[in-house]
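Inspection log for the structure reproduced underneath, given as structure tokens.
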Amino acid sequence: MQKSFKFTRENKKWNAKWIWADVRGPESNAYYYFRKVFKLPPEGKGYSLCVAADTRYQLFVNGNFVGRGAPQSQPFNQYYDTYDVSDFLGEGRNCVALIVNHVGNMADTRGGLLLEIVDGESHVVACSDDSWRVIRASAWDQETYAVGCNKATPYQEYFDARSVPEGWKKAEFDAGAWQQAAIIGGRTSDRPPCAGPWSLLVARDIPFMTNTPVSPERVECVEESLDLENRSRKDLAPGLSMVGKNIQHSVCDGADNLCSETGSTVVRCSLDHLDLDFDGVYAPAMVLDFGRIITARTRIHLKGLAGGMIDIGYAERLIDGNFNIAMECEFADRYVMKDGDQVFESFTWKSFRYLKLRFRSCYEPVTLHRVHGMMTTYPYEERGGFSSSDDVLNSVFDISRATIRLCSNEFIMDTPWREQAQWLGDVAQVSLPAIHSCFGDTVLPRKFLLQAGRNQHPTGMISNISNAVGKNWLGSIPDYSLLWIRGLLLQYLYTGDEELLFRLYPQALRILDAHLDYLNADFLIEDMPYWVFIDWADVDKRGICAAYNAVFYEALRCLNALAGYRSDSYSAAIIEEIRRGLKANYHEALFDEKRECYADARIDGAFSEKVSEHSNMAPVWAGLCDADVSRKIISQVFESEKSRQFTEAQPFFMSVVLSALDRSGRFDLALDLIRTRWGKRMVNKGATSVFEEWYRNGSWRGGFFRGFMRSCSHAWSACPADFLIRNMLGLKILEPGCRQLLLNPREVDFDYHVVFPTPLGDLTAEWVDGELAVSSPDSIRIRD
């Protein structure tokens with residue numbers, strides 16, 4: 001029987017126009033104030049406000065802060081937010097005001113604001129048009145340093161509180177000197193969605209982020225350093241990275257008070273330069289440790305003096321015990337004070353554990369009352385979990401789950417520290433199943449799949465990054481597109497979301513089509529021209545790549561399952577033919593009898609000299625070799641004297657390695673690898689989140705160790721968050737929507753308690769003293 005679903009679509013008709021200041025040419029790092037005064041009758045009620053902005057906004061109604069957003073968007077998938085503003089509006093004159101920041105680091109974008117307020121009867125009471133007033137917000141310096149790798153918040157923020165127009169958010173403010181807003185036109189109309197580059201307007205389909213104040217746990221150090229300017233480039237990082245010494249000339253009293261809600265801290269720069277025989281000014285600084293990496297906006301309550309400055313630096317970790325952001329990821333802000341009591345809150349969030357405050361031009365005492373990180377993250381519900389009598393596994397699970405949460409905001413990112421990029425394979429292979437297992441959330445993964453699917457290249461490959469516009473089709477990672485198919489199947493099995501499958505199944509078929517031209521006569525992918533990635537490890541990816549073909553085979557399995565759910569027998573037949581041919585020829589083409597393992601690749605008929613965990617575990621994971629071969633390979637790779645000849649998988653590809661071991665009945669070895677690799681290399685080094693690679697200070701990417709910084713908060717390394725729940729249960733979803741599950745809970749030599757959340761309720765399993773107890777919702781059929 002043909003399945004059906006309720007098709008949802010955007011049907012809002014906008015009366016508002018996209019507006020911006022009347023400027024010529026593209027802009028970047030531009031801030032603008034917008035405002036509109038309008039009147040409301042006494043009987044009005046039930047007011048709703050919809051707003052979109054490129055790139056982000058802060059919204060105020062009659063001087064009251066309402067919210068910030070919208071989720072970072074591609075212009076062809078532009079999000080807008082909706083607020084109930086009834087409590088902020090009243091009879092008579094009202095004012096809606098916004099700060100809009102256009103980042104300008106994405107292709108095909110420009111600054112724009114769209115806003116509309118309607119009453120309870122859907123009558124428009126205010127909307128953006130050319131009657132609005134706008135002015136560039138000179139409080140923000142536009143020409144600041146940018147961290148080029150970052151996709152969301154690349155610019156250092158320089159904010160001067162003295163330049164904020166007093167009272168600009170309220171109706172009585174005189175904006176007569178401001179510009180009249182310019183309406184942004186389009187090819188056929190100035191009515192959304194035809195205006196500007198924003199061809200699709202999408203209502204926010206995820207909740208708003210949390211906003212929680214967090215205090216530092218300790219003061220790492222108090223120091224002073226010479227107040228020297230960086231004249232070579234407009235970058236705060238070198239000054240913030242100067243190694244200081246104990247306070248001698250400047251003042252920093254009561255720094256520890258910043259770790260509590262009482263007391264205050266007094267700082268002042270040195271005054272010795274007033275004696276003309278003294279050379280230089282010393283700037284006091286303090287490094288605050290928040291105890292773990294967080295994503296937060298900096299908020300500082302202080303009593304300051306006009307022109308005094310605070311340079312603010314953000315770091316995941318210390319280097320040789322010192323705060324240093326000059327080497328990489330120069331994330332920093334500057335706040336220029338006004339006189340008196342004031343509060344500074346950075347416009348965007350950063351990721352950090354260590355916050356450095358460096359005080360400059362403070363020649364009179366400045367009093368700090370509070371320093372908070374206003375922590376912002378996706379509001380997951382703590383549903384899934386793993387706990388056991390094995391402390392190492394517990395710790396690994398905790399830091400893995402914490403990293404999944406840390407890398408979840410209005411998009412799912414690789415790391416909140418460096419790139420803040422929604423990388424296709426990272427999310428599809430690791431984050432998406434971990435979000436299901438740890439939190440039971442379906443909304444954020446759905447948004448990812450849709451954003452990614454709408455960012456497909458003409459080649460059929462999907463853009464590597466989907467919270468930005470991707471145009472580098474030649475640099476696409478084809479194995480990431482294959483993993484996206486797997487992520488789509490995982491989401492469908494978990495949710496039973498028919499509409500999502502209907503909308504994205506054609507993109508999945510296009511990925512298959514993109515591979516057909518690279519199939520050789522043996523149905524093996526050969527000489528893939530795009531950026532075959534596999535892992536950062538030194539794996540040979542030329543010619544017929546063993547790991548890539550295994551990933552392709554697994555993607556074919558997933559696509560075949562999707563074809564079955566779509567009743568697409570024609571595509572299923574083609575997929576099955578390719579799968580049969582690939583499996584029939586894989587072993588002979590890639591297994592090296594002399595070395596008794598799979599070579600990394602076969603190039604022009606010759607085996608690659610390289611062998612790796614990737615090339616040997618991927619075919620086990622995908623089901624390309626039988627049980628006997630699998631056992632021999634596993635012994636060769638992990639338990640023989642030759643094991644060191646195999647290139648080690650980095651944390652990202654360990655999701656394949658662990659699953660391959662479990663599939664082959666070596667769950668014990670999978671747990672040992674979790675203990676030794678994550679336990680020794682991360683937990684034992686004090687990690688509060690998982691590292692990007694096994695080492696923080698270098699990489700074996702080229703086959704030799706090269707020292708450069710790696711992220712300490714990388715979700716693609718967090719596969720134990722899913723593995724220790726799903727695989728401990730031996731869980732497979734047999735019917736979409738989790739209506740039927742296969743369970744085979746593991747009998748291990750330690751006690752455990754596991755919870756797997758489903759859309760139908762939570763499944764729990766306990767193994768205590770050799771006795772198993774399982775409970776599940778009545779609506780789920782369990783097979784064992």
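All residue names refer to the structure tokens as shown: chains lettered A, B, ... in order, residues numbered from 1 in each chain, ligands numbered from 1 in order.
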
*Spatial neighbours of region 207-222 of chain A, 7 Å, only C-alpha atoms, chain gap at least 6 places, as a PyMOL selection string*: chain A and resi 256+259+285-291+371-379+409

*Step one, run DSSP on the backbone; step two, keep only residues of region 136-254 of chain A assigned to helix (DSSP H, G or I); then write them as an MDAnalysis selection string.*
chainID A and resid 161:163 237:240

*Identify which of the residues A:Arg56, A:Ala283, A:Ser260, A:Ala203 lies closest to Leu226 (chain A), counting only C-alpha atoms when measuring atom-to-atom distances.*
A:Ala283

*Would you list, as a ChimeraX atom specification, the residues of region 559-733 of chain A that end up in strand (DSSP E or B) under DSSP run on this structure's backbone?*
/A:591-592,597-598,601-603,606-607,612,647,699,706,732-733

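Counting from CA of Lys36 (chain A), the distance to CA of Ala53 (chain A) is 15.8 Å.
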
_Non-local contacts of Asp479 (chain A) (7 Å; only C-alpha atoms; under 4 positions in same chain excluded) as a ChimeraX atom specification_ = /A:483,532-534,548,551

_List the spatial neighbours of Leu741 (chain A) as a PyMOL selection string - criterion: any atom at most 6 Å away, only C-alpha atoms, same-chain residues fewer than 2 positions off excluded._
chain A and resi 732-734+782

Generate the output file for the selected residues, N, CA and C atoms, as a PDB file, in the first residue's frame.
```
ATOM      1  N   LYS A 732      19.253  -2.206  16.698  1.00  0.00           N
ATOM      2  CA  LYS A 732      19.016  -1.863  15.303  1.00  0.00           C
ATOM      3  C   LYS A 732      17.549  -1.494  15.144  1.00  0.00           C
ATOM      4  N   ILE A 733      17.294  -0.444  14.368  1.00  0.00           N
ATOM      5  CA  ILE A 733      15.916  -0.021  14.112  1.00  0.00           C
ATOM      6  C   ILE A 733      15.411  -0.772  12.886  1.00  0.00           C
ATOM      7  N   LEU A 734      14.377  -1.553  13.065  1.00  0.00           N
ATOM      8  CA  LEU A 734      13.850  -2.400  11.992  1.00  0.00           C
ATOM      9  C   LEU A 734      12.677  -1.773  11.261  1.00  0.00           C
ATOM     10  N   ILE A 782       9.812  -5.282  20.315  1.00  0.00           N
ATOM     11  CA  ILE A 782      11.213  -5.623  20.531  1.00  0.00           C
ATOM     12  C   ILE A 782      11.471  -7.035  20.015  1.00  0.00           C
TER      13      ILE A 782
END
```
